[in-house]
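K.L.:
Dropping the structure in here first, questions after.
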Amino acid sequence: MSASVKQWLQRLWGGAGLASDPAADVRPPTIGRNLREQVLRPVRPGFIWTTLIVAFLMNLLPWGRAIWVPDFFAVTLVFWNVHQPRKVGMGIAFVFGLMMDVHNGALFGEHALAYTLLSYGAITLHRRIQWFPLSSQAIYVFALLLVAQLASGAVRLWVGGASPGWWVGLLSSALGAAIWPVLHSVLLAPQRRPAKRDDTRPL
Amino acid sequence: MEYGPPPLFNQGVSARARLAFFSVAAAILIVIDAQVNALDTIRNGVEILLYPFQRALLWPRDLAEDFGGYLSTVSDLNEENARLRKAAVEQAQRAQLAGALEQENEQLRKLVGLRERVEPHSQIVTALYESRDPFSHKIVIDHGSKDGIRAGGPVIDEAGVVGQVTRVFPMTAEVTLLTDKEQSLPVQIARNGLRAVAFGGSEPMTLELRFLPSNADVQSGDTVVTSGLDGLYPTDMPVATVTRIDRDVKDQFARVILRPVAGMSKSRLLLVLLANPPPLSPAAGAHENAAGNARGDRAGAKAARR
């Protein structure tokens, strides 16, 4: 991955420019002054999987009926869908949703459907969301989470279950959106690291 | 933003096709799970996979609780000790009385030629965690099918009925609390033996009696106990107390709100009754069918309504 990025950068700036300036090779070039547009290092698939699993385990913690706990897995899923839509797709959302159903004793497929819709929404909007500042991104995330909550509620109504009141879904989605900026900085940190300067390099 | 070579042609299956595929798959699973219990093997498999993680993640909470217990002062413990001692004495007296009554009852039953009542076996279990699903009131206990727990078993705590085992995994089991909206239980009012069916209430942590005529003899403060008509719950177990009665003249039925006497999700130690009490007479065969069924309470509820 890293090699292909370098190749592509070389193609973008022209091979001569990079070869004549060794500093450009070791430091990630930034386009413009905005941090948002900093060129990130490629993500490691291991890191994606680790964060997804950690977020899932955080959902498994015995929170009980506490309503002030956001759905950590849903927000992490949205993050990776937005930033790596080709690596994290609806299949992963579906499988984790099924596991969530078993843990919660919910209908088999309820969370799977909600996470699939969430994932689709995030993948569809991923190019748009990244151009906004974090606070506006959080509003998008809120809307996505709310749609997923509504889907889950609709399933319940369809099968004939009870509805817990609309404000539960609203609150849960708002909490999810509130942790978005924190999650954004934590999950993107490994990709923001500066490249290692290699002093022993001859050029 | 990460810049990578954009895939021009090899995009794979389109996002919409994937959405359609997974949504339909989820919908099919939901329908199958809602109608029949055909997915229990998959569910069991996933549960076995998740079980070690679930247990490991309970550890921080238990540690915090242990630490809290360590900090409880000597005076608290002394107070609790005194209270328990008093309770033990009171209960010893009651137990002696119960023993004498039991003997007498046995003799009388032998005299009349009735079958001796078999005491149900029970299993002490610990509640592991409460389901996070806001749509249902369920707790998960630390014993499962390997300990002989079966779906349909009544679950009680020291005060009264808590709920019913609704799904069994090898290591764990799910208990649906009485306050769940889909849970029902045939009951009677202890004061006058008026039979009714208690359902999970629309307000949190309440039950309600449905199908009682608006002039029914119910008073605020009445104790509601199990009627045992379902052949599943033992008779005369405390369930709830009546807190409010709305008698609307326009409405055919009274709206009776109950507060459960059991601790519900607060109590950590619970008792699952394993063997169903035998039906009172062979004529009550219908109840036997209900006892074997996980949704036996529904059948019992219908019987109670008749």
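Every chain in the structure tokens has a letter given in the order shown (A, B, ...), and although residue numbers restart at 1 in each chain, ligands are simply numbered from 1 in the order shown.
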Can you tell me which residues surround segment 262-266 of chain B at a distance of at most 12 Å, considering only C-alpha atoms, apart from same-chain residues fewer than 3 positions away, and format the answer as an MDAnalysis selection string?
P.N.:
(chainID A and resid 64:65) or (chainID B and resid 126:131 137:141 155:164 175:180 204:207 225 237:241 258:259 269:271)
K.L.:
Would you write out those residues with C-alpha atoms, as a short mmCIF file (atom, residue, chain, number, x, y, z; two decimals), in the first residue's frame?
P.N.:
data_model
loop_
_atom_site.label_atom_id
_atom_site.label_comp_id
_atom_site.auth_asym_id
_atom_site.auth_seq_id
_atom_site.Cartn_x
_atom_site.Cartn_y
_atom_site.Cartn_z
CA GLY A 64 -27.46 -2.40 32.19
CA ARG A 65 -30.27 -0.08 31.23
CA THR B 126 -26.60 -15.20 39.63
CA ALA B 127 -27.77 -12.49 37.29
CA LEU B 128 -24.85 -11.64 35.00
CA TYR B 129 -26.04 -8.57 33.16
CA GLU B 130 -29.13 -6.82 31.95
CA SER B 131 -29.90 -6.65 28.26
CA HIS B 137 -36.72 -6.25 29.95
CA LYS B 138 -34.40 -9.19 30.04
CA ILE B 139 -31.56 -10.36 32.24
CA VAL B 140 -28.98 -13.04 31.58
CA ILE B 141 -28.17 -15.60 34.28
CA VAL B 155 -37.58 -17.31 38.31
CA ILE B 156 -38.05 -15.91 41.80
CA ASP B 157 -36.08 -13.91 44.33
CA GLU B 158 -36.50 -13.61 48.08
CA ALA B 159 -39.56 -11.37 47.73
CA GLY B 160 -41.54 -12.87 44.87
CA VAL B 161 -41.75 -13.78 41.20
CA VAL B 162 -39.17 -12.09 38.97
CA GLY B 163 -39.90 -13.59 35.56
CA GLN B 164 -39.51 -16.62 33.37
CA VAL B 175 -34.88 -14.42 31.79
CA THR B 176 -37.73 -12.17 30.66
CA LEU B 177 -38.85 -10.01 33.56
CA LEU B 178 -42.53 -9.67 34.43
CA THR B 179 -42.31 -6.00 33.53
CA ASP B 180 -41.59 -6.87 29.88
CA PRO B 204 -41.49 1.33 33.26
CA MET B 205 -41.21 -1.12 36.15
CA THR B 206 -44.95 -1.69 36.51
CA LEU B 207 -47.42 -4.47 35.77
CA VAL B 225 -50.25 -13.67 43.98
CA MET B 237 -46.30 -16.70 45.24
CA PRO B 238 -46.30 -12.95 45.80
CA VAL B 239 -46.18 -11.02 42.53
CA ALA B 240 -47.11 -7.40 43.09
CA THR B 241 -49.17 -4.89 45.04
CA LEU B 258 -49.27 -2.91 40.03
CA ARG B 259 -45.82 -2.53 41.50
CA LEU B 269 -29.17 -13.79 43.43
CA LEU B 270 -32.19 -15.55 41.96
CA LEU B 271 -33.82 -18.96 42.17
#
K.L.:
For Ala93 of chain A, find every residue with an atom within 8 Å (counting only C-alpha atoms), except residues of its own chain fewer than 4 positions away, and show them as an MDAnalysis selection string.
P.N.:
chainID A and resid 77 89 97 112 115:116 119
K.L.:
How would the residues just chosen look if you wrote them out with N, CA and C atoms as a PDB file, in the first residue's frame?
P.N.:
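New file out.pdb:
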ATOM      1  N   LEU A  77     -18.050   2.064  13.489  1.00  0.00           N
ATOM      2  CA  LEU A  77     -18.390   1.544  12.156  1.00  0.00           C
ATOM      3  C   LEU A  77     -18.566   2.695  11.172  1.00  0.00           C
ATOM      4  N   GLY A  89     -17.085  -2.681   4.985  1.00  0.00           N
ATOM      5  CA  GLY A  89     -18.342  -2.565   4.258  1.00  0.00           C
ATOM      6  C   GLY A  89     -19.516  -3.100   5.049  1.00  0.00           C
ATOM      7  N   GLY A  97     -23.600  -7.105  13.725  1.00  0.00           N
ATOM      8  CA  GLY A  97     -24.982  -6.883  14.156  1.00  0.00           C
ATOM      9  C   GLY A  97     -25.617  -8.159  14.671  1.00  0.00           C
ATOM     10  N   ALA A 112     -28.510  -6.351  12.989  1.00  0.00           N
ATOM     11  CA  ALA A 112     -27.851  -6.570  11.698  1.00  0.00           C
ATOM     12  C   ALA A 112     -28.440  -5.638  10.650  1.00  0.00           C
ATOM     13  N   TYR A 115     -27.382  -1.933  11.484  1.00  0.00           N
ATOM     14  CA  TYR A 115     -25.982  -1.639  11.160  1.00  0.00           C
ATOM     15  C   TYR A 115     -25.750  -1.643   9.657  1.00  0.00           C
ATOM     16  N   THR A 116     -26.476  -2.514   8.944  1.00  0.00           N
ATOM     17  CA  THR A 116     -26.331  -2.530   7.491  1.00  0.00           C
ATOM     18  C   THR A 116     -26.778  -1.200   6.892  1.00  0.00           C
ATOM     19  N   SER A 119     -24.270   1.469   7.723  1.00  0.00           N
ATOM     20  CA  SER A 119     -23.081   1.325   6.901  1.00  0.00           C
ATOM     21  C   SER A 119     -23.331   1.850   5.489  1.00  0.00           C
TER      22      SER A 119
END
K.L.:
Fewer than 6 positions away in the same chain doesn't count, so skip those; otherwise give me all residues within 10 Å of Val218 of chain B, counting only C-alpha atoms, as a PyMOL selection string.
P.N.:
chain B and resi 189+191-192+194+212+242+244-245+254+256
K.L.:
For the strand (DSSP E) assignment from backbone DSSP, which residues of segment 10-230 of chain B qualify? Please present them as JSON, numbers by chain.
P.N.:
{"B": [122, 123, 124, 125, 126, 127, 128, 129, 130, 138, 139, 140, 141, 154, 155, 156, 161, 162, 163, 164, 165, 166, 167, 168, 173, 174, 175, 176, 177, 184, 185, 186, 187, 188, 189, 195, 196, 197, 198, 199, 200, 207, 208, 209, 210, 223, 224, 225, 226]}
K.L.:
For a quick test of understanding: name the residues of chain B lying within 8 Å of chain A when counting only C-alpha atoms, and present them as an NGL selection string.
P.N.:
:B and (1-5 or 15-16 or 18-19 or 22-23 or 26-27 or 29-30 or 33-34 or 43 or 46-47 or 50 or 53-54 or 57-58 or 61 or 129-136 or 138 or 174 or 181-182)
K.L.:
Work out how far apart atom CA of Ser185 of chain A and atom CA of Trp49 of chain A are and give it in Å to one decimal.
P.N.:
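Answer for the atom CA of Ser185 of chain A to atom CA of Trp49 of chain A separation: 17.3 Å.
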K.L.:
Which residue out of A:Phe132, A:Leu170, A:Leu175, A:Ile48 has the minimum interatomic distance to Val88 of chain A when only C-alpha atoms are used?
P.N.:
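Smallest separation from Val88 of chain A among the options: A:Ile48.
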K.L.:
Based on the backbone DSSP call, show me all residues of segment 23-270 of chain B assigned alpha helix (DSSP H), as an mmCIF file with C-alpha atoms, in the first residue's frame.
P.N.:
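selection.cif, freshly written:
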data_model
loop_
_atom_site.group_PDB
_atom_site.id
_atom_site.type_symbol
_atom_site.label_atom_id
_atom_site.label_comp_id
_atom_site.auth_asym_id
_atom_site.auth_seq_id
_atom_site.Cartn_x
_atom_site.Cartn_y
_atom_site.Cartn_z
ATOM 1 C CA SER B 23 -31.251 -6.036 4.239
ATOM 2 C CA VAL B 24 -33.190 -8.911 2.730
ATOM 3 C CA ALA B 25 -31.011 -11.390 4.629
ATOM 4 C CA ALA B 26 -31.685 -9.523 7.893
ATOM 5 C CA ALA B 27 -35.412 -9.305 7.168
ATOM 6 C CA ILE B 28 -35.581 -13.045 6.455
ATOM 7 C CA LEU B 29 -33.734 -13.789 9.702
ATOM 8 C CA ILE B 30 -36.105 -11.504 11.647
ATOM 9 C CA VAL B 31 -39.195 -13.164 10.200
ATOM 10 C CA ILE B 32 -37.847 -16.667 10.828
ATOM 11 C CA ASP B 33 -36.824 -15.779 14.376
ATOM 12 C CA ALA B 34 -40.162 -14.143 15.155
ATOM 13 C CA GLN B 35 -42.228 -17.049 13.861
ATOM 14 C CA ASP B 40 -31.537 -21.523 17.942
ATOM 15 C CA THR B 41 -28.522 -23.557 16.820
ATOM 16 C CA ILE B 42 -26.904 -20.517 15.169
ATOM 17 C CA ARG B 43 -27.757 -18.420 18.198
ATOM 18 C CA ASN B 44 -26.221 -21.036 20.500
ATOM 19 C CA GLY B 45 -23.076 -21.111 18.380
ATOM 20 C CA VAL B 46 -22.646 -17.340 18.494
ATOM 21 C CA GLU B 47 -23.392 -17.294 22.214
ATOM 22 C CA ILE B 48 -20.704 -19.912 22.905
ATOM 23 C CA LEU B 49 -18.291 -17.788 20.877
ATOM 24 C CA LEU B 50 -19.160 -14.627 22.826
ATOM 25 C CA TYR B 51 -19.392 -16.259 26.263
ATOM 26 C CA PRO B 52 -15.712 -15.922 27.325
ATOM 27 C CA PHE B 53 -15.723 -12.232 26.361
ATOM 28 C CA GLN B 54 -18.975 -11.581 28.186
ATOM 29 C CA ARG B 55 -17.621 -13.192 31.347
ATOM 30 C CA ALA B 56 -14.295 -11.372 31.098
ATOM 31 C CA LEU B 57 -16.038 -8.023 30.666
ATOM 32 C CA LEU B 58 -18.048 -8.511 33.850
ATOM 33 C CA TRP B 59 -14.791 -8.522 35.739
ATOM 34 C CA PRO B 60 -14.274 -4.716 36.013
ATOM 35 C CA ARG B 61 -17.772 -4.243 37.413
ATOM 36 C CA ASP B 62 -17.371 -7.076 39.928
ATOM 37 C CA LEU B 63 -14.007 -5.704 40.969
ATOM 38 C CA ALA B 64 -15.522 -2.258 41.573
ATOM 39 C CA GLU B 65 -18.306 -3.831 43.613
ATOM 40 C CA ASP B 66 -15.835 -5.858 45.677
ATOM 41 C CA PHE B 67 -13.862 -2.716 46.329
ATOM 42 C CA GLY B 68 -17.020 -0.916 47.414
ATOM 43 C CA GLY B 69 -17.813 -3.797 49.759
ATOM 44 C CA TYR B 70 -14.313 -3.611 51.211
ATOM 45 C CA LEU B 71 -14.881 0.029 52.108
ATOM 46 C CA VAL B 74 -17.915 -2.093 60.568
ATOM 47 C CA SER B 75 -21.032 -0.353 61.839
ATOM 48 C CA ASP B 76 -22.817 -1.085 58.568
ATOM 49 C CA LEU B 77 -21.881 -4.735 58.835
ATOM 50 C CA ASN B 78 -22.957 -4.914 62.479
ATOM 51 C CA GLU B 79 -26.286 -3.382 61.605
ATOM 52 C CA GLU B 80 -26.801 -5.787 58.738
ATOM 53 C CA ASN B 81 -25.770 -8.723 60.929
ATOM 54 C CA ALA B 82 -28.289 -7.779 63.604
ATOM 55 C CA ARG B 83 -31.026 -7.398 61.021
ATOM 56 C CA LEU B 84 -30.256 -10.767 59.431
ATOM 57 C CA ARG B 85 -30.167 -12.458 62.839
ATOM 58 C CA LYS B 86 -33.575 -11.076 63.651
ATOM 59 C CA ALA B 87 -34.896 -12.219 60.287
ATOM 60 C CA ALA B 88 -33.391 -15.681 60.830
ATOM 61 C CA VAL B 89 -35.173 -16.046 64.170
ATOM 62 C CA GLU B 90 -38.444 -14.957 62.671
ATOM 63 C CA GLN B 91 -38.034 -17.316 59.780
ATOM 64 C CA ALA B 92 -37.055 -20.219 62.010
ATOM 65 C CA GLN B 93 -40.343 -19.860 63.808
ATOM 66 C CA ARG B 94 -42.195 -19.765 60.537
ATOM 67 C CA ALA B 95 -40.214 -22.726 59.219
ATOM 68 C CA GLN B 96 -41.132 -24.829 62.254
ATOM 69 C CA LEU B 97 -44.746 -23.952 61.754
ATOM 70 C CA ALA B 98 -44.488 -24.762 58.065
ATOM 71 C CA GLY B 99 -42.847 -28.109 58.837
ATOM 72 C CA ALA B 100 -45.656 -29.043 61.198
ATOM 73 C CA LEU B 101 -48.268 -27.938 58.672
ATOM 74 C CA GLU B 102 -46.552 -29.876 55.913
ATOM 75 C CA GLN B 103 -46.633 -33.073 57.970
ATOM 76 C CA GLU B 104 -50.233 -32.540 58.810
ATOM 77 C CA ASN B 105 -51.042 -31.798 55.197
ATOM 78 C CA GLU B 106 -49.261 -34.952 54.055
ATOM 79 C CA GLN B 107 -51.244 -37.064 56.496
ATOM 80 C CA LEU B 108 -54.501 -35.483 55.423
ATOM 81 C CA ARG B 109 -53.641 -35.967 51.756
ATOM 82 C CA LYS B 110 -52.857 -39.630 52.403
ATOM 83 C CA LEU B 111 -56.158 -39.948 54.177
ATOM 84 C CA VAL B 112 -58.030 -38.527 51.216
#
K.L.:
Which of these residues is nearest to Val147 of chain A, using only C-alpha atoms: A:His126, A:Ser173, A:Thr76, A:Leu134?
P.N.:
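The shortest atom-to-atom distance to Val147 of chain A comes from A:Ser173.
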K.L.:
How far is it from atom CA of Phe56 of chain A to atom CA of Asp71 of chain A, in Å with one decimal?
P.N.:
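So the answer is 8.9 Å.
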K.L.:
Rounded to one decimal, what separation in Å do you get between atom CA of Gln252 of chain B and atom CA of Phe211 of chain B?
P.N.:
8.6 Å
K.L.:
Determine, counting only C-alpha atoms, which protein, DNA and RNA residues have an atom within 10 Å of an atom of Asp147 of chain B; residues of the same chain fewer than 2 positions away are not included. Present the result as a list in words.
P.N.:
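Listing them by chain and then by number gives Gln123, Asp142, His143, Gly144, Ser145, Ile149, Arg150, Pro170, Met171, Thr172 and Leu274 of chain B.
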